[in-house]
file query21.txt (compact mmCIF, C-alpha atoms)
# COMPACT_ATOMS: atom_id res chain seq x y z
CA MET A 80 17.02 -1.44 -15.52
CA ARG A 81 17.44 2.28 -14.87
CA PRO A 82 19.01 4.21 -17.77
CA ASP A 83 22.16 6.26 -17.24
CA VAL A 84 21.86 9.96 -16.51
CA GLU A 85 23.58 10.83 -19.78
CA GLU A 86 21.03 8.80 -21.72
CA VAL A 87 18.15 10.60 -20.03
CA ARG A 88 19.72 14.03 -20.53
CA ASN A 89 20.42 13.36 -24.20
CA PHE A 90 16.77 12.34 -24.73
CA TYR A 91 15.52 15.73 -23.56
CA LYS A 92 17.91 17.41 -26.00
CA THR A 93 16.10 15.79 -28.95
CA GLN A 94 12.98 17.25 -30.59
CA LEU A 95 10.79 14.46 -29.22
CA GLY A 96 12.17 14.97 -25.72
CA GLY A 97 11.66 18.73 -25.95
CA VAL A 98 8.00 18.33 -26.95
CA ALA A 99 7.40 15.79 -24.18
CA ARG A 100 9.04 18.10 -21.63
CA ARG A 101 6.88 21.09 -22.64
CA LEU A 102 3.66 19.05 -22.45
CA LEU A 103 4.55 17.64 -19.04
CA VAL A 104 5.56 21.04 -17.66
CA HIS A 105 2.19 22.40 -18.75
CA ARG A 106 0.39 19.66 -16.78
CA ILE A 107 2.61 20.09 -13.73
CA ARG A 108 2.12 23.86 -13.61
CA ALA A 109 -1.63 23.39 -13.94
CA LEU A 110 -1.60 21.27 -10.76
CA TRP A 111 0.95 23.42 -8.90
CA PRO A 112 0.39 26.99 -10.06
CA ASP A 113 1.86 28.64 -6.96
CA VAL A 114 4.82 27.40 -4.86
CA ARG A 115 5.88 30.69 -3.29
CA GLY A 116 7.60 30.29 0.06
CA GLN A 117 7.70 26.49 -0.21
CA THR A 118 10.41 23.84 -0.48
CA VAL A 119 10.18 21.73 -3.65
CA LEU A 120 12.05 18.43 -3.96
CA GLY A 121 12.63 16.58 -7.23
CA LEU A 122 13.32 12.84 -7.33
CA GLY A 123 14.67 10.71 -10.15
CA TYR A 124 15.43 13.00 -13.08
CA ALA A 125 13.03 15.88 -12.43
CA ALA A 126 15.44 18.72 -13.22
CA PRO A 127 13.99 19.57 -16.69
CA PHE A 128 10.55 20.10 -15.10
CA MET A 129 11.61 22.16 -12.07
CA ARG A 130 13.02 25.26 -13.74
CA PRO A 131 9.69 27.19 -13.49
CA PHE A 132 9.87 26.75 -9.69
CA LEU A 133 13.29 28.41 -9.30
CA PRO A 134 12.11 32.06 -9.16
CA GLU A 135 9.10 31.23 -6.93
CA ALA A 136 9.97 28.55 -4.39
CA GLU A 137 12.01 29.23 -1.29
CA ARG A 138 14.19 26.17 -1.90
CA VAL A 139 14.46 23.84 -4.90
CA ILE A 140 16.40 20.57 -4.48
CA ALA A 141 16.96 17.79 -7.02
CA VAL A 142 17.93 14.37 -5.64
CA MET A 143 19.28 11.96 -8.24
CA PRO A 144 19.67 8.25 -7.35
CA GLU A 145 23.03 6.59 -7.02
CA ASP A 146 22.44 3.92 -9.66
CA GLN A 147 21.47 6.59 -12.21
CA GLY A 148 24.18 9.15 -11.62
CA ALA A 149 23.97 12.91 -11.33
CA THR A 150 24.59 15.90 -13.54
CA ARG A 151 24.97 19.56 -12.74
CA TRP A 152 21.75 21.56 -12.57
CA PRO A 153 21.14 24.36 -13.19
CA LEU A 154 24.05 25.28 -15.41
CA GLU A 155 24.04 28.84 -14.11
CA GLY A 156 24.45 29.63 -10.43
CA PRO A 157 25.06 27.17 -7.58
CA SER A 158 24.22 23.54 -8.13
CA ARG A 159 21.02 22.23 -6.54
CA VAL A 160 21.64 18.52 -7.16
CA ILE A 161 22.25 15.88 -4.47
CA LEU A 162 23.43 12.36 -5.28
CA ALA A 163 21.85 10.02 -2.73
CA SER A 164 19.74 6.93 -2.27
CA GLU A 165 16.04 7.52 -2.87
CA THR A 166 15.16 5.44 0.19
CA GLU A 167 17.62 7.34 2.46
CA LEU A 168 17.16 11.01 1.67
CA PRO A 169 19.53 13.37 3.53
CA LEU A 170 16.65 15.57 4.70
CA ARG A 171 14.91 16.14 8.02
CA ASP A 172 11.45 14.85 8.78
CA ALA A 173 8.59 17.02 7.51
CA SER A 174 10.99 19.48 5.85
CA VAL A 175 9.54 19.52 2.30
CA HIS A 176 6.22 20.93 1.09
CA LYS A 177 6.09 19.38 -2.39
CA VAL A 178 7.80 16.41 -4.03
CA LEU A 179 7.97 15.89 -7.81
CA ALA A 180 8.99 12.36 -8.86
CA VAL A 181 9.83 11.79 -12.55
CA HIS A 182 11.71 8.69 -13.79
CA SER A 183 11.58 7.51 -10.20
CA LEU A 184 8.69 5.24 -9.18
CA GLU A 185 8.77 3.01 -12.27
CA MET A 186 12.55 2.56 -11.85
CA ALA A 187 12.44 1.68 -8.15
CA GLY A 188 13.01 -1.95 -7.27
CA SER A 189 10.82 -1.58 -4.15
CA PRO A 190 8.31 1.24 -4.63
CA ARG A 191 6.82 1.04 -1.14
CA PRO A 192 10.07 1.98 0.74
CA LEU A 193 10.49 4.86 -1.71
CA LEU A 194 7.00 6.18 -0.98
CA ARG A 195 7.49 5.76 2.76
CA GLU A 196 10.68 7.82 2.58
CA ILE A 197 8.82 10.52 0.64
CA TRP A 198 6.13 10.43 3.32
CA ARG A 199 8.79 10.96 5.99
CA VAL A 200 10.29 14.13 4.47
CA LEU A 201 6.93 15.64 3.49
CA ALA A 202 5.37 18.18 5.79
CA PRO A 203 1.88 17.49 7.19
CA GLU A 204 -0.64 17.73 4.36
CA GLY A 205 2.26 17.92 1.88
CA LYS A 206 1.77 17.09 -1.80
CA LEU A 207 3.39 14.44 -3.99
CA LEU A 208 3.27 14.60 -7.79
CA LEU A 209 4.09 11.38 -9.65
CA VAL A 210 4.75 11.14 -13.39
CA VAL A 211 4.50 7.45 -14.26
CA PRO A 212 4.19 5.58 -17.61
CA ASN A 213 0.70 4.28 -18.26
CA ARG A 214 0.45 0.52 -18.72
CA ARG A 215 -2.06 0.98 -21.54
CA GLY A 216 -0.14 3.71 -23.34
CA LEU A 217 2.35 3.58 -26.20
CA TRP A 218 5.19 5.26 -24.30
CA ALA A 219 5.59 2.21 -22.06
CA ARG A 220 5.94 -0.09 -25.11
CA PHE A 221 8.79 1.71 -26.89
CA ASP A 222 12.29 1.65 -25.42
CA ASN A 223 13.57 4.59 -27.47
CA THR A 224 12.67 6.91 -24.56
CA PRO A 225 13.48 6.73 -20.82
CA PHE A 226 9.76 6.18 -20.15
CA GLY A 227 10.02 2.78 -21.85
CA HIS A 228 12.24 1.46 -19.06
CA GLY A 229 11.12 0.16 -15.71
CA ARG A 230 7.64 -0.90 -14.65
CA PRO A 231 4.55 0.90 -15.97
CA TYR A 232 1.45 1.27 -13.81
CA SER A 233 -2.28 1.36 -14.27
CA ARG A 234 -4.49 3.78 -12.40
CA GLY A 235 -5.80 1.06 -10.11
CA GLN A 236 -2.28 -0.10 -9.24
CA LEU A 237 -1.23 3.45 -8.37
CA GLU A 238 -4.29 3.96 -6.18
CA ARG A 239 -3.59 0.80 -4.18
CA LEU A 240 0.12 1.58 -3.89
CA LEU A 241 -0.48 5.13 -2.69
CA ASP A 242 -3.14 4.01 -0.26
CA SER A 243 -0.79 1.45 1.30
CA ALA A 244 1.87 4.18 1.76
CA MET A 245 -0.57 6.59 3.50
CA PHE A 246 -1.19 8.85 0.49
CA ALA A 247 -4.57 9.87 -0.88
CA PRO A 248 -4.83 10.62 -4.64
CA ALA A 249 -6.21 14.14 -5.04
CA GLY A 250 -6.08 14.66 -8.81
CA TRP A 251 -5.35 12.85 -12.05
CA SER A 252 -4.07 14.41 -15.26
CA PRO A 253 -3.42 12.07 -18.23
CA THR A 254 -0.95 13.39 -20.77
CA LEU A 255 1.31 12.50 -23.73
CA PHE A 256 -1.25 11.14 -26.20
CA MET A 257 1.14 11.48 -29.13
CA PRO A 258 3.10 8.36 -30.13
CA PRO A 259 6.77 8.33 -29.05
CA LEU A 260 8.04 8.92 -32.57
CA GLY A 261 10.27 11.74 -33.79
CA TRP A 262 8.39 12.17 -37.06
CA ARG A 263 7.73 15.75 -38.10
CA ILE A 264 4.02 15.20 -38.56
CA VAL A 265 3.76 13.78 -35.03
CA LEU A 266 5.71 16.66 -33.49
CA ASN A 267 3.68 19.28 -35.36
CA THR A 268 0.35 17.79 -34.26
CA ALA A 269 1.38 17.02 -30.66
CA VAL A 270 -0.74 19.79 -29.12
CA GLY A 271 -3.80 18.80 -31.15
CA LEU A 272 -3.38 15.15 -30.20
CA GLU A 273 -3.04 16.19 -26.56
CA ARG A 274 -6.36 18.05 -26.61
CA ALA A 275 -8.20 15.37 -28.56
CA GLY A 276 -6.84 12.53 -26.45
CA SER A 277 -7.90 14.19 -23.21
CA TYR A 278 -11.54 13.91 -24.33
CA ALA A 279 -11.59 10.92 -26.69
CA TRP A 280 -9.24 8.31 -25.20
CA PRO A 281 -7.95 9.41 -21.75
CA ARG A 282 -7.31 5.80 -20.66
CA PHE A 283 -4.69 5.34 -23.38
CA CYS A 284 -2.48 8.27 -22.44
CA GLY A 285 1.27 7.84 -22.39
CA MET A 286 1.82 9.25 -18.88
CA LEU A 287 -0.23 9.29 -15.71
CA VAL A 288 0.29 12.45 -13.67
CA VAL A 289 -1.22 11.97 -10.21
CA GLU A 290 -1.19 14.36 -7.28
CA ALA A 291 -1.38 12.72 -3.85
CA GLN A 292 -1.69 14.21 -0.39
CA LYS A 293 0.07 12.96 2.71
CA HIS A 294 -2.12 11.39 5.39
CA LEU A 295 -1.10 11.35 9.03
CA TYR A 296 -3.27 8.37 9.98
CA ALA A 297 -3.11 4.98 8.29
CA PRO A 298 -6.44 3.46 7.17
CA ILE A 299 -7.42 -0.09 8.04
CA MET A 300 -6.33 -2.11 5.04
CA ALA A 301 -8.40 -4.80 3.37
CA PRO A 302 -6.01 -7.66 4.35
CA ALA A 303 -6.36 -6.66 8.01
CA ARG A 304 -10.14 -6.60 7.77
CA GLU A 305 -10.13 -10.00 6.06
CA ALA A 306 -7.85 -11.44 8.77
CA ARG A 307 -10.16 -10.16 11.50
CA ARG A 308 -13.19 -11.63 9.71
CA GLN A 309 -11.49 -15.04 9.49
CA LEU A 310 -10.54 -14.84 13.18
CA ARG A 311 -14.15 -14.11 14.13
CA THR A 312 -15.33 -17.04 12.00
CA VAL A 313 -12.92 -19.47 13.70
CA ARG A 314 -13.87 -18.12 17.13
CA ASN A 315 -17.59 -18.50 16.45
CA ARG A 316 -17.11 -22.05 15.23
CA ALA A 317 -15.17 -22.91 18.38
CA PHE A 318 -17.92 -21.45 20.58
CA ARG A 319 -20.60 -23.38 18.71
CA GLY A 320 -18.59 -26.59 19.10
CA MET A 321 -18.32 -26.04 22.85
CA GLU A 322 -22.08 -25.42 23.11
CA VAL A 323 -22.89 -28.61 21.17
CA GLN A 324 -20.51 -30.61 23.37
CA ALA A 325 -22.09 -29.18 26.51
CA GLU A 326 -25.59 -29.97 25.25
CA THR A 327 -24.52 -33.55 24.46
CA ILE A 328 -22.68 -34.25 27.72
CA GLY A 329 -25.10 -32.45 30.07
CA PRO A 330 -28.13 -34.80 29.80
CA ARG A 331 -25.85 -37.85 29.95
CA MET A 332 -24.22 -36.64 33.17
CA MET A 333 -27.63 -35.85 34.68
CA THR A 334 -28.87 -39.36 33.81
CA THR A 335 -25.79 -40.86 35.44
CA ARG A 336 -26.33 -38.88 38.64
CA ILE A 337 -30.02 -39.93 38.79
CA ASP A 338 -29.11 -43.62 38.30
CA CYS A 339 -26.47 -43.40 41.03
CA ALA A 340 -28.94 -41.75 43.42
CA ALA A 341 -31.49 -44.52 42.74
CA VAL A 342 -28.92 -47.28 43.39
CA SER A 343 -27.81 -45.62 46.63
CA HIS A 344 -31.42 -45.29 47.81
CA SER A 345 -32.17 -48.94 47.07
CA GLN A 346 -29.03 -50.10 48.87
CA SER A 347 -29.76 -48.02 51.95
CA SER A 348 -33.31 -49.40 52.14
CA ASN A 349 -32.04 -53.01 51.98
CA GLN A 350 -29.46 -52.56 54.79
CA PRO A 351 -30.53 -53.48 58.44
CA SER A 352 -31.53 -50.60 60.67
CA GLN A 353 -29.00 -51.52 63.36
CA GLY A 354 -25.42 -52.49 62.91
CA SER A 355 -22.04 -51.92 64.24
CA ALA A 356 -20.31 -48.61 63.73
CA ASN A 357 -17.64 -50.35 61.69
CA GLN A 358 -20.21 -51.80 59.31
CA GLN A 359 -21.91 -48.43 58.88
CA SER A 360 -18.65 -46.58 58.21
CA ARG A 361 -17.35 -49.26 55.84
CA PRO A 362 -18.25 -48.38 52.22
CA SER A 363 -20.39 -50.86 50.41
CA MET A 364 -18.94 -52.64 47.40
CA ALA A 365 -22.25 -52.23 45.61
CA GLN A 366 -21.64 -48.47 45.40
CA ALA A 367 -18.77 -48.91 42.98
CA PRO A 368 -20.96 -48.71 39.86
CA CYS A 369 -22.05 -45.25 40.98
CA ALA A 370 -18.58 -43.80 40.52
CA GLN A 371 -18.52 -40.68 38.35
CA PRO A 372 -17.94 -41.76 34.75
CA LYS A 373 -15.34 -39.95 32.75
CA THR A 374 -16.46 -37.33 30.29
CA GLY A 375 -17.33 -38.83 26.93
CA GLU A 376 -17.77 -42.44 28.21
CA ARG A 377 -20.97 -44.20 27.32
CA ARG A 378 -22.96 -46.22 29.78
call {"tool": "encode", "arguments": {"input": "query21.txt", "output": "C-alpha cells"}}
result
Amino acid sequence: MRPDVEEVRNFYKTQLGGVARRLLVHRIRALWPDVRGQTVLGLGYAAPFMRPFLPEAERVIAVMPEDQGATRWPLEGPSRVILASETELPLRDASVHKVLAVHSLEMAGSPRPLLREIWRVLAPEGKLLLVVPNRRGLWARFDNTPFGHGRPYSRGQLERLLDSAMFAPAGWSPTLFMPPLGWRIVLNTAVGLERAGSYAWPRFCGMLVVEAQKHLYAPIMAPAREARRQLRTVRNRAFRGMEVQAETIGPRMMTTRIDCAAVSHSQSSNQPSQGSANQQSRPSMAQAPCAQPKTGERR
C-alpha cells in the first residue's frame, strides 16, 4: 500500500529522513554531475532529491501519482508538480532526458507498464535512475519509513525487469548502510557506516541506486528462445517420424508391386494365344488379388 504524501513529507522533516535524504542526494549527484540544458523528470516522491537540479537543468518536473497525492514544490517560485497517473504521463514522446524515480517502482502494482511509460517519454539514449529498497537490507524490513512499504527488489530482479522493459543497467550504487533508527549514535555515525558498508557489506545496503539507459531495439528474450527451441524439437521429431514411416512402407509397397507383376506374368503365359476380342478386353478375375493394397495393410 502506498503511503500518503503527507506521511512521506513528514518523514523527510525528521532527523532520520534528513540524513537519508543527504546520503541519497550525494549518490545521485555522483551519477548525474551535470544536467545543464536537459529536462529532468521526477516520479513518485522525488522532490527532496531534485533541488540541486533546479539551477542547472532547463526544465525540472515532478510527477506525483494520483493514489499518493501531491504537495506544492518548490515552496518558492512557480510550482513544478503535476498530479497524474504514472502509467499515463502527460508528456510527449522522447521529451525527457533524465528520469529520477524515488518511492515509485516498489509502490507500483504493475512495474512493467510503469517502465514502458518511462521508456516512451525518454529521449533516445536517455537515462533512468531508480532508487529502490534492497530485499536484503534493513530498510525494507522496518515500516517506520516510506521505504518499508511496497515491494523490495534484489539486484537480479531489477536486472531482469529492466531488460524486459528495454533498459540496460549502466551503473550500480548501493547506499544507506545505517539502520533505519533515529538514535543519536546511529545518526552521528551514518557517514562512517556508509563508507564502511560500501567496502565491507555492499550486498546488505538499504537502497539500490541503479542507472539504466534506454535501448531502441528489444533483445530476444529467453522465453522466446526457449519457445523456438521447443518448436524445432517438435518439428525434428515429426520429420524423423515421417522418415521412419516411409522406410517401413516403401519396401512393403515394392514387394507388393513385384508380387502383382509376377502374378500378371503367370496369368498371361497361361492364356491361349488366340481368342476373341471380347475375351482379351475382358479383365480376368484372377487379377483381383493384385489390386493396390491400402497404406499400412499387411499382406
call {"tool": "closest_residue", "arguments": {"input": "query21.txt", "among": "A:Ile161, A:Ala180, A:Val313, A:Ala126", "to": "Leu193 of chain A", "atoms": "all atoms listed in the file"}}
result
A:Ala180
call {"tool": "axis_aligned_box", "arguments": {"input": "query21.txt", "around": "segment 233-238 of chain A", "padding_each_side": "3 Å", "output": "JSON"}}
result
{"center_x": -3.5, "center_y": 1.9, "center_z": -10.2, "size_x": 10.6, "size_y": 10.1, "size_z": 14.1}
call {"tool": "closest_residue", "arguments": {"input": "query21.txt", "among": "A:Leu201, A:Lys177, A:Arg81, A:Gly123", "to": "Ala163 of chain A", "atoms": "only C-alpha atoms"}}
result
A:Gly123
call {"tool": "closest_residue", "arguments": {"input": "query21.txt", "among": "A:Trp111, A:Phe226, A:Tyr278, A:Phe246", "to": "Pro82 of chain A", "atoms": "only C-alpha atoms"}}
result
A:Phe226
call {"tool": "closest_residue", "arguments": {"input": "query21.txt", "among": "A:Ala247, A:Ala109, A:Ala269, A:Val178", "to": "Ile140 of chain A", "atoms": "all atoms listed in the file"}}
result
A:Val178
call {"tool": "atom_distance", "arguments": {"input": "query21.txt", "atom1": "atom CA of Tyr91 of chain A", "atom2": "atom CA of Gln292 of chain A"}}
result
28.9 Å
call {"tool": "closest_residue", "arguments": {"input": "query21.txt", "among": "A:Ala125, A:Val175, A:Val98, A:Leu255", "to": "Gly205 of chain A", "atoms": "only C-alpha atoms"}}
result
A:Val175
call {"tool": "residues_around", "arguments": {"input": "query21.txt", "residues": "Glu145 of chain A", "least_positions_apart": "6", "cutoff": "9 Å", "atoms": "only C-alpha atoms", "output": "PDB file with C-alpha atoms, in the frame of the given file"}}
result
ATOM      1  CA  LEU A 162      23.430  12.360  -5.280  1.00  0.00           C
ATOM      2  CA  ALA A 163      21.850  10.020  -2.730  1.00  0.00           C
ATOM      3  CA  SER A 164      19.740   6.930  -2.270  1.00  0.00           C
ATOM      4  CA  GLU A 165      16.040   7.520  -2.870  1.00  0.00           C
TER       5      GLU A 165
END
call {"tool": "closest_residue", "arguments": {"input": "query21.txt", "among": "A:Leu287, A:Ala141, A:Met129, A:Leu95", "to": "Leu184 of chain A", "atoms": "all atoms listed in the file"}}
result
A:Leu287
call {"tool": "residues_around", "arguments": {"input": "query21.txt", "residues": "Glu204 of chain A", "least_positions_apart": "4", "cutoff": "8 Å", "atoms": "all atoms listed in the file", "output": "PyMOL selection string"}}
result
chain A and resi 292-295
call {"tool": "residues_around", "arguments": {"input": "query21.txt", "residues": "Val270 of chain A", "least_positions_apart": "4", "cutoff": "10 Å", "atoms": "all atoms listed in the file", "output": "short mmCIF file (atom, residue, chain, number, x, y, z; two decimals) with C-alpha atoms, keeping the file's coordinate frame"}}
result
data_model
loop_
_atom_site.label_atom_id
_atom_site.label_comp_id
_atom_site.auth_asym_id
_atom_site.auth_seq_id
_atom_site.Cartn_x
_atom_site.Cartn_y
_atom_site.Cartn_z
CA VAL A 98 8.00 18.33 -26.95
CA LEU A 102 3.66 19.05 -22.45
CA LEU A 255 1.31 12.50 -23.73
CA PHE A 256 -1.25 11.14 -26.20
CA MET A 257 1.14 11.48 -29.13
CA VAL A 265 3.76 13.78 -35.03
CA LEU A 266 5.71 16.66 -33.49
CA ARG A 274 -6.36 18.05 -26.61
CA ALA A 275 -8.20 15.37 -28.56
CA GLY A 276 -6.84 12.53 -26.45
#
call {"tool": "decode", "arguments": {"input": "query21.txt", "residues": "segment 186-301 of chain A", "atoms": "C-alpha atoms", "output": "PDB file, in the first residue's frame"}}
result
ATOM      1  CA  MET A 186       4.891   1.072  -4.938  1.00  0.00           C
ATOM      2  CA  ALA A 187       3.675   0.276  -8.450  1.00  0.00           C
ATOM      3  CA  GLY A 188       1.147  -2.512  -8.766  1.00  0.00           C
ATOM      4  CA  SER A 189       2.422  -3.333 -12.276  1.00  0.00           C
ATOM      5  CA  PRO A 190       6.054  -2.255 -12.645  1.00  0.00           C
ATOM      6  CA  ARG A 191       6.375  -3.197 -16.309  1.00  0.00           C
ATOM      7  CA  PRO A 192       3.724  -0.688 -17.610  1.00  0.00           C
ATOM      8  CA  LEU A 193       5.420   1.980 -15.486  1.00  0.00           C
ATOM      9  CA  LEU A 194       8.815   1.276 -17.049  1.00  0.00           C
ATOM     10  CA  ARG A 195       7.327   1.182 -20.534  1.00  0.00           C
ATOM     11  CA  GLU A 196       5.773   4.614 -19.973  1.00  0.00           C
ATOM     12  CA  ILE A 197       9.141   5.928 -18.780  1.00  0.00           C
ATOM     13  CA  TRP A 198      10.705   4.448 -21.912  1.00  0.00           C
ATOM     14  CA  ARG A 199       8.154   6.302 -24.038  1.00  0.00           C
ATOM     15  CA  VAL A 200       8.880   9.782 -22.643  1.00  0.00           C
ATOM     16  CA  LEU A 201      12.660   9.310 -22.536  1.00  0.00           C
ATOM     17  CA  ALA A 202      14.718  10.664 -25.388  1.00  0.00           C
ATOM     18  CA  PRO A 203      16.927   8.247 -27.366  1.00  0.00           C
ATOM     19  CA  GLU A 204      19.796   7.129 -25.144  1.00  0.00           C
ATOM     20  CA  GLY A 205      18.066   8.807 -22.176  1.00  0.00           C
ATOM     21  CA  LYS A 206      18.902   7.830 -18.591  1.00  0.00           C
ATOM     22  CA  LEU A 207      16.710   6.412 -15.824  1.00  0.00           C
ATOM     23  CA  LEU A 208      17.776   6.479 -12.172  1.00  0.00           C
ATOM     24  CA  LEU A 209      15.886   4.160  -9.817  1.00  0.00           C
ATOM     25  CA  VAL A 210      16.080   4.296  -6.018  1.00  0.00           C
ATOM     26  CA  VAL A 211      14.613   1.019  -4.774  1.00  0.00           C
ATOM     27  CA  PRO A 212      14.686  -0.747  -1.359  1.00  0.00           C
ATOM     28  CA  ASN A 213      17.067  -3.683  -1.265  1.00  0.00           C
ATOM     29  CA  ARG A 214      15.464  -7.022  -0.416  1.00  0.00           C
ATOM     30  CA  ARG A 215      18.429  -7.949   1.777  1.00  0.00           C
ATOM     31  CA  GLY A 216      18.649  -4.620   3.584  1.00  0.00           C
ATOM     32  CA  LEU A 217      17.186  -3.429   6.871  1.00  0.00           C
ATOM     33  CA  TRP A 218      15.245  -0.513   5.385  1.00  0.00           C
ATOM     34  CA  ALA A 219      12.845  -2.897   3.648  1.00  0.00           C
ATOM     35  CA  ARG A 220      12.090  -4.681   6.963  1.00  0.00           C
ATOM     36  CA  PHE A 221      11.057  -1.653   9.047  1.00  0.00           C
ATOM     37  CA  ASP A 222       7.786   0.134   8.317  1.00  0.00           C
ATOM     38  CA  ASN A 223       8.706   3.300  10.220  1.00  0.00           C
ATOM     39  CA  THR A 224       9.957   4.807   6.932  1.00  0.00           C
ATOM     40  CA  PRO A 225       8.330   5.091   3.476  1.00  0.00           C
ATOM     41  CA  PHE A 226      10.969   2.680   2.150  1.00  0.00           C
ATOM     42  CA  GLY A 227       9.417  -0.088   4.258  1.00  0.00           C
ATOM     43  CA  HIS A 228       6.256  -0.045   2.142  1.00  0.00           C
ATOM     44  CA  GLY A 229       5.746  -1.727  -1.182  1.00  0.00           C
ATOM     45  CA  ARG A 230       7.837  -4.453  -2.777  1.00  0.00           C
ATOM     46  CA  PRO A 231      11.629  -4.544  -2.318  1.00  0.00           C
ATOM     47  CA  TYR A 232      13.880  -5.847  -5.084  1.00  0.00           C
ATOM     48  CA  SER A 233      17.124  -7.718  -5.384  1.00  0.00           C
ATOM     49  CA  ARG A 234      19.751  -6.815  -7.939  1.00  0.00           C
ATOM     50  CA  GLY A 235      18.917  -9.812 -10.100  1.00  0.00           C
ATOM     51  CA  GLN A 236      15.211  -8.948 -10.105  1.00  0.00           C
ATOM     52  CA  LEU A 237      15.951  -5.379 -11.170  1.00  0.00           C
ATOM     53  CA  GLU A 238      18.238  -6.543 -13.971  1.00  0.00           C
ATOM     54  CA  ARG A 239      15.578  -8.858 -15.395  1.00  0.00           C
ATOM     55  CA  LEU A 240      12.840  -6.257 -15.033  1.00  0.00           C
ATOM     56  CA  LEU A 241      14.871  -3.534 -16.740  1.00  0.00           C
ATOM     57  CA  ASP A 242      15.938  -5.881 -19.508  1.00  0.00           C
ATOM     58  CA  SER A 243      12.324  -6.820 -20.246  1.00  0.00           C
ATOM     59  CA  ALA A 244      11.409  -3.103 -20.494  1.00  0.00           C
ATOM     60  CA  MET A 245      14.251  -2.325 -22.953  1.00  0.00           C
ATOM     61  CA  PHE A 246      16.616  -0.737 -20.425  1.00  0.00           C
ATOM     62  CA  ALA A 247      20.258  -1.638 -19.887  1.00  0.00           C
ATOM     63  CA  PRO A 248      21.728  -1.144 -16.369  1.00  0.00           C
ATOM     64  CA  ALA A 249      24.754   1.126 -16.679  1.00  0.00           C
ATOM     65  CA  GLY A 250      25.784   1.634 -13.046  1.00  0.00           C
ATOM     66  CA  TRP A 251      25.009   0.460  -9.528  1.00  0.00           C
ATOM     67  CA  SER A 252      25.490   2.460  -6.338  1.00  0.00           C
ATOM     68  CA  PRO A 253      24.450   0.797  -3.046  1.00  0.00           C
ATOM     69  CA  THR A 254      23.665   3.211  -0.236  1.00  0.00           C
ATOM     70  CA  LEU A 255      22.027   3.631   3.200  1.00  0.00           C
ATOM     71  CA  PHE A 256      24.023   1.124   5.256  1.00  0.00           C
ATOM     72  CA  MET A 257      22.899   2.652   8.543  1.00  0.00           C
ATOM     73  CA  PRO A 258      19.915   1.022  10.268  1.00  0.00           C
ATOM     74  CA  PRO A 259      16.607   2.918   9.955  1.00  0.00           C
ATOM     75  CA  LEU A 260      16.676   4.076  13.561  1.00  0.00           C
ATOM     76  CA  GLY A 261      16.549   7.646  14.852  1.00  0.00           C
ATOM     77  CA  TRP A 262      19.091   7.022  17.613  1.00  0.00           C
ATOM     78  CA  ARG A 263      21.697   9.726  18.062  1.00  0.00           C
ATOM     79  CA  ILE A 264      24.598   7.303  17.838  1.00  0.00           C
ATOM     80  CA  VAL A 265      23.267   5.967  14.521  1.00  0.00           C
ATOM     81  CA  LEU A 266      22.768   9.450  13.067  1.00  0.00           C
ATOM     82  CA  ASN A 267      26.216  10.615  14.167  1.00  0.00           C
ATOM     83  CA  THR A 268      27.965   7.603  12.615  1.00  0.00           C
ATOM     84  CA  ALA A 269      25.882   7.489   9.408  1.00  0.00           C
ATOM     85  CA  VAL A 270      28.691   8.745   7.161  1.00  0.00           C
ATOM     86  CA  GLY A 271      31.191   6.299   8.650  1.00  0.00           C
ATOM     87  CA  LEU A 272      28.762   3.405   8.242  1.00  0.00           C
ATOM     88  CA  GLU A 273      28.165   4.483   4.647  1.00  0.00           C
ATOM     89  CA  ARG A 274      31.874   4.328   3.814  1.00  0.00           C
ATOM     90  CA  ALA A 275      32.490   1.076   5.665  1.00  0.00           C
ATOM     91  CA  GLY A 276      29.417  -0.627   4.217  1.00  0.00           C
ATOM     92  CA  SER A 277      30.396   0.243   0.653  1.00  0.00           C
ATOM     93  CA  TYR A 278      33.528  -1.905   1.052  1.00  0.00           C
ATOM     94  CA  ALA A 279      32.589  -4.481   3.700  1.00  0.00           C
ATOM     95  CA  TRP A 280      28.967  -5.471   3.026  1.00  0.00           C
ATOM     96  CA  PRO A 281      27.665  -3.851  -0.200  1.00  0.00           C
ATOM     97  CA  ARG A 282      25.034  -6.594  -0.703  1.00  0.00           C
ATOM     98  CA  PHE A 283      23.263  -5.614   2.522  1.00  0.00           C
ATOM     99  CA  CYS A 284      22.706  -1.957   1.690  1.00  0.00           C
ATOM    100  CA  GLY A 285      19.365  -0.362   2.440  1.00  0.00           C
ATOM    101  CA  MET A 286      18.821   1.134  -1.033  1.00  0.00           C
ATOM    102  CA  LEU A 287      19.808   0.106  -4.530  1.00  0.00           C
ATOM    103  CA  VAL A 288      20.517   3.074  -6.790  1.00  0.00           C
ATOM    104  CA  VAL A 289      20.718   1.885 -10.392  1.00  0.00           C
ATOM    105  CA  GLU A 290      21.234   3.939 -13.526  1.00  0.00           C
ATOM    106  CA  ALA A 291      19.752   2.451 -16.701  1.00  0.00           C
ATOM    107  CA  GLN A 292      19.964   3.571 -20.311  1.00  0.00           C
ATOM    108  CA  LYS A 293      17.149   3.430 -22.825  1.00  0.00           C
ATOM    109  CA  HIS A 294      17.545   0.953 -25.681  1.00  0.00           C
ATOM    110  CA  LEU A 295      15.836   1.463 -29.012  1.00  0.00           C
ATOM    111  CA  TYR A 296      15.887  -2.210 -30.010  1.00  0.00           C
ATOM    112  CA  ALA A 297      14.423  -5.015 -27.934  1.00  0.00           C
ATOM    113  CA  PRO A 298      16.668  -8.058 -27.317  1.00  0.00           C
ATOM    114  CA  ILE A 299      15.466 -11.594 -27.942  1.00  0.00           C
ATOM    115  CA  MET A 300      14.231 -12.749 -24.561  1.00  0.00           C
ATOM    116  CA  ALA A 301      14.954 -16.131 -23.022  1.00  0.00           C
TER     117      ALA A 301
END
